[in-house]
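Notes follow once the structure below has been shown.
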Amino acid sequence: MAIYNLTVNSKKVKVDVEDDMPLLWVVRDVVGLKGTKFGCGMALCGACTVHLDGQPARSCQTPISSVGKNAKITTIEGIGDVKLHAIQQAWIEEQVPQCGYCQSGQIMSAVALLKTNANPNDQDIDAAMSGNLCRCGTYDRIRKAIHRAAEAIKVEEKGIGKR
């Protein structure tokens, strides 16, 4: 067992776990944040997506020992803790979720996309989201929601509509 001092959703946490424990289980079972899901266990479906230093990462195949000592881990619980993130709001407005199982991973990948590309086209979205599988097939809604969120973020950044 080893002690790791982590920053999860802007909060410092100390965990005592095996070096080879996947980050997914650290986040879910040790830290207690259940929003990140186990899907395939092989980093193929994207249900386990979290952000490591702002970049999407598949937590089911990321051993805790590979996470830097000063790494910032963001889970689905950390992106809309004060108010809904534009992606979360767009997900609701476009009625994206069906069964909901893949949604936390989908949302985390979409947030990362919009951080690096404020105006993605359909091909950009398809490429960024290609590692996230949705068994319900809501890919068209996901694409629409990402476009909607991109527009909402632009409006918010310009201060339009703020009072």
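Going by the structure tokens order, chains are called A, B, ..., each with residues numbered from 1, while ligands are numbered from 1 in the order shown.
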Looking only at the backbone, which of the residues in chain A does DSSP tag as strand (DSSP E or B), as a VMD selection string? chain A and resid 2 to 8 11 to 17 22 49 to 52 55 to 58 63 72 to 74
Distance query Leu33 in chain A at most 10 Å, only C-alpha atoms, self and fewer than 4 positions along chain excluded, as a count of residues only: 12
Residues within 10 Å of range 121-138 of chain A, please, as a PyMOL selection string. Count only C-alpha atoms; anything in the same chain fewer than 2 positions from it doesn't count. chain A and resi 39+43-49+56+58+95-103+105-110+112-114+117-119+140-144+146-147
Pick out the residues sitting within 9 Å of Ile79 in chain A, and hand them over as a VMD selection string; count only C-alpha atoms, and ignore anything fewer than 4 positions along from it in its own chain. chain A and resid 9 74 to 75 83 to 85 88 108 111
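What separates CA of Ser66 in chain A from CA of Lys11 in chain A is a distance of 19.5 Å.
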Go through A:Lys34, A:Asn5, A:Gln89, A:Arg148 and flag the residue nearest Lys69 in chain A, using only C-alpha atoms for the distances.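 When distances to Lys69 in chain A are compared using only C-alpha atoms, the smallest one comes from A:Asn5.
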Neighbour list for Val30 in chain A as JSON, numbers by chain, cut-off 10 Å, only C-alpha atoms, skip fewer than 6 positions in-chain: {"A": [13, 14, 15, 16, 17, 23, 24]}
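Taking CA of Lys72 in chain A and CA of Phe38 in chain A as the two end points, the separation is 20.5 Å.
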Which of chain A DSSP labels alpha helix (DSSP H), written as a ChimeraX atom specification: /A:23-25,76-79,86-93,103-116,122-129,139-158
When you draw a straight line from CA of Gly80 in chain A to CA of Ser59 in chain A, how long is it in Å?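 Between CA of Gly80 in chain A and CA of Ser59 in chain A the gap is 19.5 Å.
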Point out the residue among A:Ile73, A:Val50, A:Val82, A:Ala145 with the least atom-to-atom distance to Lys12 in chain A, counting only C-alpha atoms.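 The closest residue to Lys12 in chain A is A:Ile73.
Candidate residues A:Gly68, A:Pro22, A:Gly54, A:Gly41 were compared for distance to Tyr4 in chain A, and the nearest is A:Gly68, using only C-alpha atoms.
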